[in-house]
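See below for the structure under consideration.
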Amino acid sequence: MATDDLQLRDASAVLAKAADENFPVAPFFLPRAWRNDLMAVYGYARLVDDIGDGDLAPGGADARHLGVAPEAADDRLVLLDAFEADLHRVFGAASGAPRHPLMRALVPTVRRCGLTPEPFLGLIEANRQDQLVARYETYDDLLAYCELSANPVGRLVLGITGTATPERIRRSDAVCTALQIVEHLQDVAEDLGRDRIYLPAEDMKRFHVREQDLAAPTAGASVRALVAYEAERARCLLNEGTPLVGSVHGRLKVLLAGFVAGGRAAVHAIAAAGYDVLPGPPKPAKPRLLREAGAVLRGEG
């Protein structure tokens, strides 16, 4: 198989994960240019998360693309450093063309949309933080993490569509933080397996939840109460951000409604599971997602 074919296959394996997200990444109804740009940004965000989570495809292809020596291919901090160096190539701050195929795909998007490095760097820093910080003492600490790990994605969507304003960014940040919190609630057991807990320690104490309670096959009453509390916080953030949808028009409005609806449907799925997230991530059904999207577009709730 030719080198170019191998690189396309490597990139496609990352992009295929878009189907598993709680929200539509680049739906068919958007203009082709937007879809291409959104998928380019998604590929970047998904790859940096895969590096941070140790979920890269076996074989070390991503490390080779980034110029990381085989003996360091499992060192996430080394990989993140190499990834950041490749990002600088995207923006022309370092000599040479980007090495990773997903980074090369990002170049036209950055140039066409006039994107800046800051949101991309935030996503890298969030994944560095994941290697160094495994617990969050307060809700404010968690929000500061979401500022790096989630909010840049919404800001990039606004940048791609040319609709960024201070008020829209504020509303977008609320939606993105909510989506991140919901994902953390869905993945409590998976995150614990990585020795990470995104439930604030002060809240765990308040609800008398111990770390070992999160390792149980099913959640007890205290864990369920804690998850319900955090889910309500996410719901309130979604409500705070929902006016973003009404501030735009056309197909972008439908896209943003899909983001909000994905979060709302996921919160509903968590509630429908009795807030027992430990057996596995509660996932929203498609009919619920469509109902939520319709409600958001009608300005309901």
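Chain lettering (A, B, ...) mirrors the order of the structure tokens, residue numbering begins at 1 for each chain separately, and ligand numbering begins at 1 in order of display.
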
| said: Which residues are near range 270-283 of chain A? Cut-off 9 Å, only C-alpha atoms, ignore same chain within fewer than 6 positions. Put them as a PyMOL selection string. | reply: chain A and resi 22+182-183+185-190+214-220+223-228+231

| task | Extract, using only C-alpha atoms, all DNA, RNA and protein residues at most 10 Å from range 194-196 of chain A, discarding same-chain residues fewer than 6 positions from it, and format them as a VMD selection string. | result | chain A and resid 53 to 54 130 to 131 133 to 136 188

| remark: Closest of A:Cys236, A:Ala221, A:Leu158, A:Ala73 to Leu56 in chain A, counting only C-alpha atoms, is A:Ala73

| message | I'd like the contact shell of range 285-292 of chain A - 6 Å cut-off, only C-alpha atoms, skipping same-chain residues fewer than 2 positions apart - returned as an MDAnalysis selection string. | response | chainID A and resid 261 265 294:295

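Distances to Thr177 in chain A were evaluated for A:Val110, A:Leu255, A:Ala93, A:Leu237 using only C-alpha atoms, and the minimum falls at A:Leu237.
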
| message | Among range 144-208 of chain A, which residues does DSSP mark as helix (DSSP H, G or I) when it is run on the backbone? Keep the chain and numbering as in the structure and answer as a PyMOL selection string. | response | chain A and resi 144-149+151-160+166-186+188-193+201-206

| field | Nearest to Leu199 in chain A, chosen from A:Leu102, A:Leu142, A:Leu244, A:Ala57, with only C-alpha atoms counted in the distances | value | A:Leu142
